[in-house]
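Remarks on the structure that follows.
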Amino acid sequence: MKPLKIRDIIADIPIIQGGMSVGISLSNLASAVAKEGGIGIIGAAGIGMLEEDFASNFREANKRALRKELKKAKEKTDGIIGVNVMTALSDFEELIKVSCQSGADIVFMGAGLPLKVPMESFKKYNTKTGVIISSARAAKIVLKYWEKNYSTHPDIFVIEGPLAGGHLGFSKEQLNDENYSLEKILPEVLKVVSEYEKKSGVKIPVAVAGGIYNGKDIYKFLNAGADAVQLGTRFVATFECDADEEFKKAYINSKKEDIEIIASPVGMPGRVIKNKFTEEVKKGIRRPIKCPWKCLIPCDFRKVPYCIALALTSAGKGQLEDGFVFAGANAYKVEKIISVKELINSLIEEYNREKEKQN
């Protein structure tokens, strides 16, 4: 595998660990991935929910927790550490500023198009910008807006396909439509990006995410023109993942038929592992909601059946009766918990075997 170069930072291996928020990928997982030469990502959404004052002061709790996790990650490794910040968060700009100030090497922005961003912070601290998209159209909109308003462009794009876990940037009907597959979207995005590369004279790498499970998958997409891959599901089932053991076991114990699509309270489809909580939601059972902070801009707590932030926090803590597990389409293939080092070594070995086989 060729190293991944994002302007002046270089990852020895082109593997980005997906930023899984609400306590799943924090400093422990991110630093372990960075140590092995990949890019480790801390998920910023709901990061302060374990702070004592979150319910009364969620903005400060989030900022404080993010600073703590970045500091811990940076103390554990001199590898590349990034942060994932959802554009749908009500404290989106604040979390980006904290990320830049606290030494994040790169900030990935997704769950909506990041048009209005605190670009002055990125420039001041030389923090790289990553934009997560699901179509060539989205790439074009971001490139055009950033060029006009900031005289720059994202440093890397990540195409998140319909097989990813968590919230998905597709309608339920599009998820099984071949026209929206990662294989179809990648060349379309590469075409759009190449036009801007010619104008700027700067390489804009493109990574792919969603359903990337083994080294064979990595070879396929790198050979198709991607510069890197992003994996989330595989990193959950590692010793270093910050989630509770029960959360990881949900992956190991799942079957293919357990992976399903739900309608999230924020109006997007989400891929999860079916459990009692998701079954109750489908039956229309509402859970009492009080919302002291409004963490997600699209969410109207007066109308939703449950608080997704609380559900995901509970799941991350292993309390699956009060929440559910986000997971990629291939989560059922996970058989055991291994170390990050063992996982990355196996991915590289599988990649090399596939490369030899194809050549």
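A note on labels: chains of the structure tokens are A, B, ... as shown, every chain counts residues from 1, and ligands are counted from 1 in their shown order.
Counting only C-alpha atoms, Gly225 of chain A has the following residues at most 9 Å away, ignoring those fewer than 5 positions along the same chain: Leu186, Pro187, Leu190 and Val206 of chain A.
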Extract, using only C-alpha atoms, all DNA, RNA and protein residues at most 8 Å from Asp91 of chain A, discarding same-chain residues fewer than 2 positions from it, and format them as a short mmCIF file (atom, residue, chain, number, x, y, z; two decimals) with C-alpha atoms, in the first residue's frame.
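Result file follows (result.cif):
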data_model
loop_
_atom_site.label_atom_id
_atom_site.label_comp_id
_atom_site.auth_asym_id
_atom_site.auth_seq_id
_atom_site.Cartn_x
_atom_site.Cartn_y
_atom_site.Cartn_z
CA ARG A 59 -21.17 22.98 25.39
CA LEU A 89 -24.22 19.45 15.83
CA GLU A 93 -17.96 25.38 15.05
CA GLU A 94 -16.93 25.36 18.71
CA LEU A 95 -15.75 21.76 18.52
CA CYS A 295 -27.23 18.68 20.57
#
Using only C-alpha atoms, can you tell me which of A:Ile132, A:Ile6, A:Leu163, A:Ile24 comes closest to Lys317 of chain A? A:Ile24
Residues within 12 Å of Gly40 of chain A, only C-alpha atoms, excluding chain neighbours under 3 positions, as a PDB file with N, CA and C atoms, in the first residue's frame:
ATOM      1  N   ALA A  11       0.526   9.541   6.240  1.00  0.00           N
ATOM      2  CA  ALA A  11       0.218   8.328   6.996  1.00  0.00           C
ATOM      3  C   ALA A  11       0.919   7.167   6.296  1.00  0.00           C
ATOM      4  N   ILE A  13       0.344   4.065   6.241  1.00  0.00           N
ATOM      5  CA  ILE A  13      -0.607   3.183   5.553  1.00  0.00           C
ATOM      6  C   ILE A  13      -1.896   3.966   5.287  1.00  0.00           C
ATOM      7  N   PRO A  14      -2.540   3.733   4.138  1.00  0.00           N
ATOM      8  CA  PRO A  14      -3.715   4.531   3.762  1.00  0.00           C
ATOM      9  C   PRO A  14      -5.005   4.036   4.409  1.00  0.00           C
ATOM     10  N   ILE A  15      -4.968   3.908   5.731  1.00  0.00           N
ATOM     11  CA  ILE A  15      -6.142   3.441   6.468  1.00  0.00           C
ATOM     12  C   ILE A  15      -6.545   4.502   7.487  1.00  0.00           C
ATOM     13  N   ILE A  16      -7.788   4.954   7.383  1.00  0.00           N
ATOM     14  CA  ILE A  16      -8.353   5.925   8.318  1.00  0.00           C
ATOM     15  C   ILE A  16      -9.353   5.176   9.195  1.00  0.00           C
ATOM     16  N   GLN A  17      -9.233   5.345  10.501  1.00  0.00           N
ATOM     17  CA  GLN A  17     -10.212   4.736  11.410  1.00  0.00           C
ATOM     18  C   GLN A  17     -11.410   5.660  11.485  1.00  0.00           C
ATOM     19  N   GLY A  18     -12.595   5.123  11.241  1.00  0.00           N
ATOM     20  CA  GLY A  18     -13.799   5.949  11.253  1.00  0.00           C
ATOM     21  C   GLY A  18     -14.022   6.598  12.606  1.00  0.00           C
ATOM     22  N   GLY A  19     -14.501   7.837  12.583  1.00  0.00           N
ATOM     23  CA  GLY A  19     -14.768   8.558  13.823  1.00  0.00           C
ATOM     24  C   GLY A  19     -16.127   8.184  14.385  1.00  0.00           C
ATOM     25  N   MET A  20     -16.129   7.289  15.355  1.00  0.00           N
ATOM     26  CA  MET A  20     -17.387   6.792  15.922  1.00  0.00           C
ATOM     27  C   MET A  20     -17.654   7.507  17.236  1.00  0.00           C
ATOM     28  N   SER A  25     -15.047   5.847  19.746  1.00  0.00           N
ATOM     29  CA  SER A  25     -13.629   6.047  19.389  1.00  0.00           C
ATOM     30  C   SER A  25     -13.113   7.324  20.050  1.00  0.00           C
ATOM     31  N   LEU A  26     -12.371   7.095  21.132  1.00  0.00           N
ATOM     32  CA  LEU A  26     -11.752   8.185  21.881  1.00  0.00           C
ATOM     33  C   LEU A  26     -10.235   8.049  21.782  1.00  0.00           C
ATOM     34  N   SER A  27      -9.519   8.535  22.765  1.00  0.00           N
ATOM     35  CA  SER A  27      -8.048   8.569  22.689  1.00  0.00           C
ATOM     36  C   SER A  27      -7.410   7.188  22.622  1.00  0.00           C
ATOM     37  N   ASN A  28      -8.005   6.202  23.272  1.00  0.00           N
ATOM     38  CA  ASN A  28      -7.393   4.875  23.315  1.00  0.00           C
ATOM     39  C   ASN A  28      -7.340   4.235  21.930  1.00  0.00           C
ATOM     40  N   LEU A  29      -8.480   4.207  21.254  1.00  0.00           N
ATOM     41  CA  LEU A  29      -8.529   3.616  19.913  1.00  0.00           C
ATOM     42  C   LEU A  29      -7.755   4.466  18.912  1.00  0.00           C
ATOM     43  N   ALA A  30      -7.994   5.762  18.926  1.00  0.00           N
ATOM     44  CA  ALA A  30      -7.347   6.650  17.956  1.00  0.00           C
ATOM     45  C   ALA A  30      -5.821   6.567  18.044  1.00  0.00           C
ATOM     46  N   SER A  31      -5.285   6.563  19.241  1.00  0.00           N
ATOM     47  CA  SER A  31      -3.825   6.522  19.395  1.00  0.00           C
ATOM     48  C   SER A  31      -3.261   5.169  18.964  1.00  0.00           C
ATOM     49  N   ALA A  32      -4.014   4.094  19.205  1.00  0.00           N
ATOM     50  CA  ALA A  32      -3.557   2.756  18.805  1.00  0.00           C
ATOM     51  C   ALA A  32      -3.458   2.656  17.284  1.00  0.00           C
ATOM     52  N   VAL A  33      -4.431   3.225  16.575  1.00  0.00           N
ATOM     53  CA  VAL A  33      -4.408   3.209  15.109  1.00  0.00           C
ATOM     54  C   VAL A  33      -3.262   4.076  14.590  1.00  0.00           C
ATOM     55  N   ALA A  34      -3.097   5.249  15.192  1.00  0.00           N
ATOM     56  CA  ALA A  34      -2.022   6.162  14.774  1.00  0.00           C
ATOM     57  C   ALA A  34      -0.644   5.538  14.981  1.00  0.00           C
ATOM     58  N   LYS A  35      -0.484   4.782  16.058  1.00  0.00           N
ATOM     59  CA  LYS A  35       0.796   4.112  16.345  1.00  0.00           C
ATOM     60  C   LYS A  35       1.172   3.133  15.240  1.00  0.00           C
ATOM     61  N   GLU A  36       0.161   2.529  14.627  1.00  0.00           N
ATOM     62  CA  GLU A  36       0.411   1.531  13.585  1.00  0.00           C
ATOM     63  C   GLU A  36       0.560   2.153  12.200  1.00  0.00           C
ATOM     64  N   GLY A  37       0.540   3.493  12.134  1.00  0.00           N
ATOM     65  CA  GLY A  37       0.766   4.168  10.856  1.00  0.00           C
ATOM     66  C   GLY A  37      -0.473   4.620  10.128  1.00  0.00           C
ATOM     67  N   GLY A  43     -14.191  10.648  17.869  1.00  0.00           N
ATOM     68  CA  GLY A  43     -15.538  11.113  17.528  1.00  0.00           C
ATOM     69  C   GLY A  43     -15.978  12.181  18.512  1.00  0.00           C
ATOM     70  N   LEU A  70      -7.921  14.599  23.218  1.00  0.00           N
ATOM     71  CA  LEU A  70      -6.843  14.943  22.288  1.00  0.00           C
ATOM     72  C   LEU A  70      -5.499  14.965  23.008  1.00  0.00           C
ATOM     73  N   ALA A  73      -4.457  11.338  23.656  1.00  0.00           N
ATOM     74  CA  ALA A  73      -4.041  10.681  22.407  1.00  0.00           C
ATOM     75  C   ALA A  73      -2.661  11.160  21.977  1.00  0.00           C
ATOM     76  N   LYS A  74      -2.440  12.461  22.077  1.00  0.00           N
ATOM     77  CA  LYS A  74      -1.157  13.039  21.656  1.00  0.00           C
ATOM     78  C   LYS A  74      -0.011  12.591  22.562  1.00  0.00           C
ATOM     79  N   LYS A  76       0.166   9.639  23.863  1.00  0.00           N
ATOM     80  CA  LYS A  76       0.412   8.213  23.614  1.00  0.00           C
ATOM     81  C   LYS A  76       1.137   7.937  22.305  1.00  0.00           C
ATOM     82  N   THR A  77       1.069   8.890  21.362  1.00  0.00           N
ATOM     83  CA  THR A  77       1.670   8.638  20.057  1.00  0.00           C
ATOM     84  C   THR A  77       2.047   9.937  19.367  1.00  0.00           C
ATOM     85  N   ASP A  78       3.033   9.833  18.471  1.00  0.00           N
ATOM     86  CA  ASP A  78       3.339  10.993  17.624  1.00  0.00           C
ATOM     87  C   ASP A  78       2.763  10.769  16.222  1.00  0.00           C
ATOM     88  N   GLY A  79       1.864   9.770  16.103  1.00  0.00           N
ATOM     89  CA  GLY A  79       1.190   9.496  14.833  1.00  0.00           C
ATOM     90  C   GLY A  79       0.095  10.519  14.567  1.00  0.00           C
ATOM     91  N   ILE A  80      -0.664  10.298  13.507  1.00  0.00           N
ATOM     92  CA  ILE A  80      -1.675  11.268  13.070  1.00  0.00           C
ATOM     93  C   ILE A  80      -3.002  11.045  13.817  1.00  0.00           C
ATOM     94  N   ILE A  81      -3.435  12.094  14.511  1.00  0.00           N
ATOM     95  CA  ILE A  81      -4.689  12.055  15.274  1.00  0.00           C
ATOM     96  C   ILE A  81      -5.654  13.089  14.709  1.00  0.00           C
ATOM     97  N   GLY A  82      -6.854  12.643  14.401  1.00  0.00           N
ATOM     98  CA  GLY A  82      -7.871  13.547  13.882  1.00  0.00           C
ATOM     99  C   GLY A  82      -9.121  13.526  14.730  1.00  0.00           C
ATOM    100  N   VAL A  83     -10.084  14.361  14.348  1.00  0.00           N
ATOM    101  CA  VAL A  83     -11.369  14.449  15.046  1.00  0.00           C
ATOM    102  C   VAL A  83     -12.479  14.428  13.992  1.00  0.00           C
ATOM    103  N   ASN A  84     -13.572  13.753  14.307  1.00  0.00           N
ATOM    104  CA  ASN A  84     -14.751  13.766  13.441  1.00  0.00           C
ATOM    105  C   ASN A  84     -15.803  14.648  14.099  1.00  0.00           C
ATOM    106  N   ALA A 104      -5.195  18.771  16.940  1.00  0.00           N
ATOM    107  CA  ALA A 104      -5.648  17.751  15.985  1.00  0.00           C
ATOM    108  C   ALA A 104      -4.941  17.971  14.654  1.00  0.00           C
ATOM    109  N   ASP A 105      -4.498  16.894  14.031  1.00  0.00           N
ATOM    110  CA  ASP A 105      -3.819  17.004  12.738  1.00  0.00           C
ATOM    111  C   ASP A 105      -4.809  17.242  11.609  1.00  0.00           C
ATOM    112  N   ILE A 106      -6.018  16.715  11.784  1.00  0.00           N
ATOM    113  CA  ILE A 106      -7.043  16.833  10.736  1.00  0.00           C
ATOM    114  C   ILE A 106      -8.420  16.761  11.383  1.00  0.00           C
ATOM    115  N   VAL A 107      -9.387  17.474  10.808  1.00  0.00           N
ATOM    116  CA  VAL A 107     -10.784  17.390  11.259  1.00  0.00           C
ATOM    117  C   VAL A 107     -11.634  16.934  10.089  1.00  0.00           C
ATOM    118  N   PHE A 108     -12.358  15.827  10.294  1.00  0.00           N
ATOM    119  CA  PHE A 108     -13.286  15.323   9.286  1.00  0.00           C
ATOM    120  C   PHE A 108     -14.683  15.829   9.614  1.00  0.00           C
ATOM    121  N   GLN A 230     -11.495   4.071   4.697  1.00  0.00           N
ATOM    122  CA  GLN A 230     -11.870   4.345   6.086  1.00  0.00           C
ATOM    123  C   GLN A 230     -12.664   3.156   6.605  1.00  0.00           C
ATOM    124  N   LEU A 231     -12.280   2.652   7.768  1.00  0.00           N
ATOM    125  CA  LEU A 231     -12.963   1.515   8.389  1.00  0.00           C
ATOM    126  C   LEU A 231     -13.453   1.908   9.774  1.00  0.00           C
ATOM    127  N   GLY A 232     -14.703   1.542  10.069  1.00  0.00           N
ATOM    128  CA  GLY A 232     -15.240   1.758  11.398  1.00  0.00           C
ATOM    129  C   GLY A 232     -15.517   0.444  12.098  1.00  0.00           C
ATOM    130  N   PHE A 235     -12.746  -1.774  13.583  1.00  0.00           N
ATOM    131  CA  PHE A 235     -12.033  -1.234  14.743  1.00  0.00           C
ATOM    132  C   PHE A 235     -12.840  -1.293  16.030  1.00  0.00           C
ATOM    133  N   GLU A 240      -8.570  -2.193  22.027  1.00  0.00           N
ATOM    134  CA  GLU A 240      -8.327  -0.775  22.296  1.00  0.00           C
ATOM    135  C   GLU A 240      -9.548   0.113  22.100  1.00  0.00           C
ATOM    136  N   CYS A 241     -10.593  -0.382  21.440  1.00  0.00           N
ATOM    137  CA  CYS A 241     -11.799   0.421  21.230  1.00  0.00           C
ATOM    138  C   CYS A 241     -12.340   0.884  22.580  1.00  0.00           C
ATOM    139  N   VAL A 340      -5.545  -3.837  17.732  1.00  0.00           N
ATOM    140  CA  VAL A 340      -5.452  -2.980  16.544  1.00  0.00           C
ATOM    141  C   VAL A 340      -4.257  -3.409  15.693  1.00  0.00           C
TER     142      VAL A 340
END
With only C-alpha atoms as the counted atoms, please give the residues lying no more than 12 Å from Trp146 of chain A, apart from itself and same-chain residues fewer than 3 positions off, as a PyMOL selection string. chain A and resi 113-119+129+131+139-143+149-155+196
DSSP strand (DSSP E or B) selection over segment 24-62 of chain A, as a list in words: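 Across segment 24-62 of chain A, those assigned strand (DSSP E or B) are Ile39, Gly40, Ile41, Ile42 and Gly43 of chain A.
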For the selection just defined, write its residues with N, CA and C atoms to a file, as an mmCIF file, in the first residue's frame.
data_model
loop_
_atom_site.group_PDB
_atom_site.id
_atom_site.type_symbol
_atom_site.label_atom_id
_atom_site.label_comp_id
_atom_site.auth_asym_id
_atom_site.auth_seq_id
_atom_site.Cartn_x
_atom_site.Cartn_y
_atom_site.Cartn_z
ATOM 1 N N ILE A 39 -4.496 6.637 10.410
ATOM 2 C CA ILE A 39 -5.001 7.887 10.976
ATOM 3 C C ILE A 39 -6.082 7.549 11.992
ATOM 4 N N GLY A 40 -5.820 7.889 13.256
ATOM 5 C CA GLY A 40 -6.771 7.613 14.328
ATOM 6 C C GLY A 40 -7.705 8.789 14.526
ATOM 7 N N ILE A 41 -8.992 8.499 14.689
ATOM 8 C CA ILE A 41 -9.992 9.567 14.764
ATOM 9 C C ILE A 41 -10.804 9.494 16.062
ATOM 10 N N ILE A 42 -10.917 10.635 16.730
ATOM 11 C CA ILE A 42 -11.759 10.780 17.920
ATOM 12 C C ILE A 42 -13.120 11.314 17.472
ATOM 13 N N GLY A 43 -14.191 10.648 17.869
ATOM 14 C CA GLY A 43 -15.538 11.113 17.528
ATOM 15 C C GLY A 43 -15.978 12.181 18.512
#
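Between atom CA of Gly103 of chain A and atom CA of Glu120 of chain A the interatomic distance comes to 14.9 Å.
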What is the atom CA of Glu51 of chain A to atom CA of Arg64 of chain A distance in Å? 8.6 Å
What lies within 8 Å of Ile259 of chain A using only C-alpha atoms, ignoring chain neighbours under 6 positions off, as a PyMOL selection string? chain A and resi 271-274+327+329+331-332
Write the residues of the preceding selection, restricted to N, CA and C atoms, as an mmCIF file, in the first residue's frame.
data_model
loop_
_atom_site.group_PDB
_atom_site.id
_atom_site.type_symbol
_atom_site.label_atom_id
_atom_site.label_comp_id
_atom_site.auth_asym_id
_atom_site.auth_seq_id
_atom_site.Cartn_x
_atom_site.Cartn_y
_atom_site.Cartn_z
ATOM 1 N N ARG A 271 -27.979 2.472 10.158
ATOM 2 C CA ARG A 271 -27.784 1.021 10.172
ATOM 3 C C ARG A 271 -27.374 0.596 11.580
ATOM 4 N N VAL A 272 -28.104 -0.368 12.120
ATOM 5 C CA VAL A 272 -27.904 -0.794 13.508
ATOM 6 C C VAL A 272 -27.959 -2.317 13.619
ATOM 7 N N ILE A 273 -27.605 -2.806 14.801
ATOM 8 C CA ILE A 273 -27.819 -4.217 15.138
ATOM 9 C C ILE A 273 -29.130 -4.296 15.921
ATOM 10 N N LYS A 274 -30.060 -5.071 15.410
ATOM 11 C CA LYS A 274 -31.393 -5.186 16.008
ATOM 12 C C LYS A 274 -31.301 -5.669 17.452
ATOM 13 N N ALA A 327 -23.791 -0.048 13.384
ATOM 14 C CA ALA A 327 -22.841 -1.007 12.815
ATOM 15 C C ALA A 327 -22.920 -0.995 11.294
ATOM 16 N N ALA A 329 -22.670 -2.794 7.427
ATOM 17 C CA ALA A 329 -23.397 -3.931 6.854
ATOM 18 C C ALA A 329 -22.691 -5.265 7.087
ATOM 19 N N ALA A 331 -20.939 -6.134 9.846
ATOM 20 C CA ALA A 331 -20.632 -6.351 11.267
ATOM 21 C C ALA A 331 -20.806 -7.808 11.688
ATOM 22 N N TYR A 332 -21.748 -8.507 11.065
ATOM 23 C CA TYR A 332 -22.016 -9.908 11.431
ATOM 24 C C TYR A 332 -20.834 -10.830 11.130
#
